[in-house]
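Peer 1: What follows is a structure written as structure tokens; I'll ask about it next.
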Amino acid sequence: MSTVVIGLDGATHAVLDPLMDVGVMPFLRSFCSAGVRGDLLSTTNPLTPPAWTTLATGCHPGRHGIFDFVRPEQAAYGIYVKLNDSRDVRCPTLWDQVSAAGLRVGALNYPLTSPAPRVQGYVVPGFVSARHLRRAVHPPGLYDQLAELPEFHTHHLAWDFDTEQKAVQPLDPGEHEGWIRHHIERERQWFTVLDHLMQAQPCDLTAVVFDGVDKLQHLAWPLIDLDSFPESATDEQERLRALCLDYFRRLDSYLERIFERAGPEATTLIVSDHGFGPSHDVFHLNVWLRDAGYLRWTDDGSTAEGADAMFATRHRTQLFDWGHTTAYGLTPSSNGIYLTARPGTAAYDRLRDELIEGLSGVPLVEAVMTREEAYPGDQAHLAPDLTLRLRDQGFVSVIDAGAPLRRRPEPRGMHRSEGVVFAAGPGIPAGRCIDACSIADIFPLVLHSLGLEIPAGLDGRLPVQIRADAPLTGPAVGPVARPGNGDGDADADLTADEEEAVFAQLRLLGYME
Amino acid sequence: MNQEQVQSDVVKILDDITYDWDLDFDGGIAAGTWLVADLDFGSLDVVELFVALEDHFGRRFPAQTLLMTEDGNYIEDLQVSALVAFVYGILEGEPG
């Protein structure tokens, strides 16, 4: 009895179904006939770090504490923006639980798995640059074995933050081909590592994420989505579309080989953290806040180069004039607004109400949620004060622009709430479409498939449409505590007093360069 | 643990992090070594360095107090001796 969870970052039925129809993904088509398929609903803000963490914990972001790629922490003289890592996840993960039950776990390329948990099995974390992958892999010494694999190339396997940054920036003409080929090669590397480890070190739970789906859809959406592909395409557009289809054709072959390697007794899940769709418009959040009198840039801040970059590393001090700023967006990916007023005060409530009312009149804005509404849970205090949902579920922009709203020259791929779930294996009905389930439901589903007891208190529930069978016979999973964060745990220190200072002085988004 | 021992551990960690980097720096890492100028550290390398330090010493370090200046900017470079003094100070109970 084993389980394989294959993550396809950003996969959506809207793209996969046409690819199955035209024969690009024949294995996935046959997999649908052998099991169930449906929508998998993402987190409130459908974004990779919170969504994959919800899948891995069975809890929503308000409880696991991951809302974005980064988090602001107070320093004596300003805000220090830190990358979230595995130590910031506040709930036990699948890797913790399954390993604690005495089973073996293998996890490849999952976000928020570095530093790697010391599981029985192996972890090759995602979001780690080539320079540090050797030290990030668990157990020690595994990396050296992997490096002996034919054609293994660390720089293709690991994250290149400069390259990945392109996912949220426009590509220059001529860059598409290199971008697509980069991800074709990257997926090949991850498959090669996975295929080797499934033979050499078989695990009860094997999990991998292929993240090229997301990256291609962000920047090559008009080439991938048939509705967006131009009717009178140029030869170059046809050639690039063929290259995108080649990516998905190869991916399908990897799915098939993983399925065969797992064997007929295994449960196989193919899931995505969020869906995808076209975005036609841009909402410049900070411009709207400026025009409404809540924000003022410094002379340098409004023109900061690359200020929309998710992995910005430049100095961005003095972005905002804090004497005249009461609300601001920090990153596009969070879709969030931070307030300078202190929570629990009349000024905070008044400001929040004003913003909700004002933003509700913006045509692109579908919803404005307080953090209690968006992220109920004991970690909600780490979330932005307000979270926006745009009508096309795109990300806001936080850079300066002439006007708050702008039409894109061509549609771009952006996240959607509706991801995918496909499942096949013992006890799973064949050829059935199921109602949408939550990404938090995958955690109990995986435990159930492994014969493990499902702990109480999860946000996710066992999706009975997929598995309504079989009493549990395996060992019970006891409570697993997350490792302590030590005396210097800055999040734990982020009290209301400090929060005021954080939000009053936030003025950078970068590290040391 | 005295400051010499802390320095020895920090240097070992830096040696391990950088041992397969293609660096022009050919002197051994020592108190006078600069992370950026000598070891070609970037922002993410600093993040990973602190993860390694925290794993080794078994506690979190408030990196921001070392890396930020009073005007809210980041320091341009960091010498190993300053890093060692910071780690030692935290281990000895100095406020971050």
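As shown in the structure tokens, the chain order sets the letters A, B, ...; within each chain, residues go from 1, and ligands are also counted from 1 in the order they appear.
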Please report as a tab-separated table every residue of chain B lying within 6 Å of chain A, along with the nearest atom pair and their distance in Å (one decimal), using only C-alpha atoms.

Peer 2:
residue	atom	partner	partner_atom	distance
B:Ser43	CA	A:Met512	CA	4.9
B:Arg59	CA	A:Gly486	CA	4.6
B:Arg60	CA	A:Gly488	CA	4.4
B:Phe61	CA	A:Gly488	CA	5.3
B:Pro62	CA	A:Gly488	CA	5.9
B:Gln64	CA	A:Ala75	CA	5.7
B:Glu70	CA	A:Tyr77	CA	5.3
B:Gly72	CA	A:Tyr77	CA	5.1
B:Tyr74	CA	A:Met512	CA	5.6

Peer 1: Near Thr33 in chain B, within 8 Å and counting only C-alpha atoms, which residues show up once chain neighbours fewer than 6 positions away are dropped, as number ranges by chain?

Peer 2: B: 39, 79-81

Peer 1: Keeping only N, CA and C atoms, write those residues as a CSV table (one decimal), in the first residue's frame.

Peer 2:
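Final output, selection-v9.csv:
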chain,number,residue,atom,x,y,z
B,39,LEU,N,33.8,36.3,-1.0
B,39,LEU,CA,33.1,35.0,-1.2
B,39,LEU,C,31.9,35.1,-2.2
B,79,GLN,N,32.0,41.4,7.3
B,79,GLN,CA,33.3,40.6,7.5
B,79,GLN,C,33.0,39.5,8.5
B,80,VAL,N,33.7,38.4,8.3
B,80,VAL,CA,33.5,37.2,9.2
B,80,VAL,C,33.7,37.6,10.7
B,81,SER,N,34.6,38.4,11.0
B,81,SER,CA,34.8,38.8,12.4
B,81,SER,C,33.5,39.5,13.0

Peer 1: When you look at Pro444 in chain A with a cut-off of 10 Å (counting only C-alpha atoms), what residues show up, excluding the ones that are within fewer than 5 positions of it in the same chain? I need them as a PyMOL selection string.

Peer 2: chain A and resi 55-58+94+449-450+452-455+458-463

Peer 1: Output C-alpha atoms for every residue in the selection just made, as a PDB file, in the first residue's frame.

Peer 2:
ATOM      1  CA  LEU A  55      -2.113  20.610   0.850  1.00  0.00           C
ATOM      2  CA  ALA A  56       0.768  19.464   3.029  1.00  0.00           C
ATOM      3  CA  THR A  57      -0.893  20.316   6.352  1.00  0.00           C
ATOM      4  CA  GLY A  58      -4.654  19.969   5.838  1.00  0.00           C
ATOM      5  CA  LEU A  94       2.379  15.156   5.724  1.00  0.00           C
ATOM      6  CA  SER A 449      -4.813   5.950   1.483  1.00  0.00           C
ATOM      7  CA  LEU A 450      -1.832   4.915   3.597  1.00  0.00           C
ATOM      8  CA  LEU A 452      -3.270   6.003   8.769  1.00  0.00           C
ATOM      9  CA  GLU A 453      -5.707   7.583  11.167  1.00  0.00           C
ATOM     10  CA  ILE A 454      -6.733  11.133  10.351  1.00  0.00           C
ATOM     11  CA  PRO A 455      -5.978  13.531  13.200  1.00  0.00           C
ATOM     12  CA  LEU A 458      -7.926  19.671  10.404  1.00  0.00           C
ATOM     13  CA  ASP A 459      -9.613  22.133   8.071  1.00  0.00           C
ATOM     14  CA  GLY A 460      -9.666  19.422   5.400  1.00  0.00           C
ATOM     15  CA  ARG A 461     -12.073  16.500   5.378  1.00  0.00           C
ATOM     16  CA  LEU A 462     -11.717  13.119   3.732  1.00  0.00           C
ATOM     17  CA  PRO A 463     -13.428  13.564   0.350  1.00  0.00           C
TER      18      PRO A 463
END

Peer 1: To test your reading of the structure, identify every residue in range 144-227 of chain A that backbone DSSP assigns to strand (DSSP E or B), and report it as a short mmCIF file (atom, residue, chain, number, x, y, z; two decimals) with all heavy atoms, in the first residue's frame.

Peer 2:
data_model
loop_
_atom_site.label_atom_id
_atom_site.label_comp_id
_atom_site.auth_asym_id
_atom_site.auth_seq_id
_atom_site.Cartn_x
_atom_site.Cartn_y
_atom_site.Cartn_z
N TRP A 159 16.39 26.00 -8.28
CA TRP A 159 15.77 27.28 -8.62
C TRP A 159 16.85 28.29 -8.97
O TRP A 159 17.82 28.44 -8.24
CB TRP A 159 14.98 27.83 -7.43
CG TRP A 159 13.54 27.47 -7.48
CD1 TRP A 159 13.03 26.20 -7.47
CD2 TRP A 159 12.43 28.35 -7.57
NE1 TRP A 159 11.67 26.26 -7.53
CE2 TRP A 159 11.27 27.56 -7.59
CE3 TRP A 159 12.31 29.73 -7.63
CZ2 TRP A 159 9.99 28.12 -7.67
CZ3 TRP A 159 11.04 30.28 -7.71
CH2 TRP A 159 9.90 29.47 -7.73
N LEU A 205 5.06 7.00 0.93
CA LEU A 205 4.51 8.21 0.32
C LEU A 205 5.60 8.87 -0.52
O LEU A 205 6.67 9.22 0.00
CB LEU A 205 4.04 9.21 1.40
CG LEU A 205 3.65 10.60 0.89
CD1 LEU A 205 2.50 10.53 -0.10
CD2 LEU A 205 3.30 11.52 2.06
N THR A 206 5.32 9.00 -1.81
CA THR A 206 6.24 9.70 -2.71
C THR A 206 5.52 10.91 -3.27
O THR A 206 4.38 10.79 -3.73
CB THR A 206 6.67 8.78 -3.87
OG1 THR A 206 7.24 7.58 -3.32
CG2 THR A 206 7.69 9.47 -4.76
N ALA A 207 6.16 12.07 -3.19
CA ALA A 207 5.50 13.30 -3.64
C ALA A 207 6.49 14.13 -4.44
O ALA A 207 7.65 14.26 -4.05
CB ALA A 207 5.00 14.10 -2.43
N VAL A 208 6.00 14.69 -5.54
CA VAL A 208 6.85 15.52 -6.38
C VAL A 208 6.02 16.67 -6.93
O VAL A 208 4.81 16.52 -7.13
CB VAL A 208 7.46 14.69 -7.55
CG1 VAL A 208 6.37 14.15 -8.46
CG2 VAL A 208 8.48 15.49 -8.35
N VAL A 209 6.65 17.80 -7.14
CA VAL A 209 5.99 18.92 -7.82
C VAL A 209 6.74 19.23 -9.11
O VAL A 209 7.96 19.39 -9.10
CB VAL A 209 5.96 20.18 -6.93
CG1 VAL A 209 5.51 21.40 -7.75
CG2 VAL A 209 5.02 19.99 -5.75
N PHE A 210 5.99 19.28 -10.20
CA PHE A 210 6.51 19.81 -11.46
C PHE A 210 5.96 21.23 -11.60
O PHE A 210 4.74 21.41 -11.74
CB PHE A 210 6.06 18.94 -12.64
CG PHE A 210 6.65 17.55 -12.63
CD1 PHE A 210 5.88 16.46 -12.26
CD2 PHE A 210 7.97 17.34 -12.97
CE1 PHE A 210 6.41 15.18 -12.24
CE2 PHE A 210 8.53 16.05 -12.95
CZ PHE A 210 7.74 14.97 -12.60
#

Peer 1: Could you list, as a list of chain:residue names, every residue within 10 Å of Leu197 in chain A, counting only C-alpha atoms and ignoring same-chain residues fewer than 4 positions away?

Peer 2: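 Selected residues are A:Gly106, A:Gly121, A:Tyr122, A:Leu146, A:Phe191, A:Thr192, A:Val193, A:Gln201, A:Pro202, A:Cys203, A:Thr206.
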
Peer 1: For Thr65 in chain B, which residue out of B:Met1, B:Thr18, B:Ser8, B:Phe86 is the nearest one, using only C-alpha atoms?

Peer 2: B:Phe86

Peer 1: Kindly give the distance, in Å, that separates CA of Arg241 in chain A and CA of Leu223 in chain A, rounded to a single decimal.

Peer 2: 5.1 Å

Peer 1: As a PyMOL selection string, list the residues of range 152-389 of chain A assigned to helix (DSSP H, G or I) by DSSP on the backbone atoms of this structure.

Peer 2: chain A and resi 154-157+161-168+176-200+212-224+235-262+285-291+301-303+322-324+346-359+371-374+380-382

Peer 1: Given the choices B:Gly32, B:Ala37, B:Leu53, B:Phe25, which gets closest to Ile13 in chain B if the distance is worked out from only C-alpha atoms?

Peer 2: B:Leu53

Peer 1: Measuring atom to atom with only C-alpha atoms, identify which of B:Gly28, B:Ala52, B:Gly42, B:Phe57 is nearest to Tyr88 in chain B.

Peer 2: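 The closest residue to Tyr88 in chain B is B:Phe57.
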
Peer 1: For a quick check of understanding, using only C-alpha atoms, which of A:Gly178, A:Gly394, A:Pro278, A:Gly431 has the smallest distance to Arg412 in chain A?

Peer 2: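 Under the stated criterion, the closest residue is A:Pro278.
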
Peer 1: Between CA of Phe422 in chain A and CA of Ile270 in chain A, what is the distance, to one decimal in Å?

Peer 2: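 One can read the CA of Phe422 in chain A to CA of Ile270 in chain A distance as 5.0 Å.
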
Peer 1: When you count only C-alpha atoms, which of these residues is closest to Gly277 in chain A: A:Ala220, A:Leu108, A:Ile442, A:Val24?

Peer 2: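 When distances to Gly277 in chain A are compared using only C-alpha atoms, the smallest one comes from A:Ala220.
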
Peer 1: Given only C-alpha atoms as the basis, pick out the residue of B:Ala85, B:Leu23, B:Val10, B:Leu67 nearest to Leu49 in chain B.

Peer 2: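 Closest to Leu49 in chain B of all the choices is B:Val10.
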
Peer 1: For CA of Gln393 in chain A and CA of Asp281 in chain A, quote the distance in Å rounded to one decimal.

Peer 2: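 One can read the CA of Gln393 in chain A to CA of Asp281 in chain A distance as 10.5 Å.
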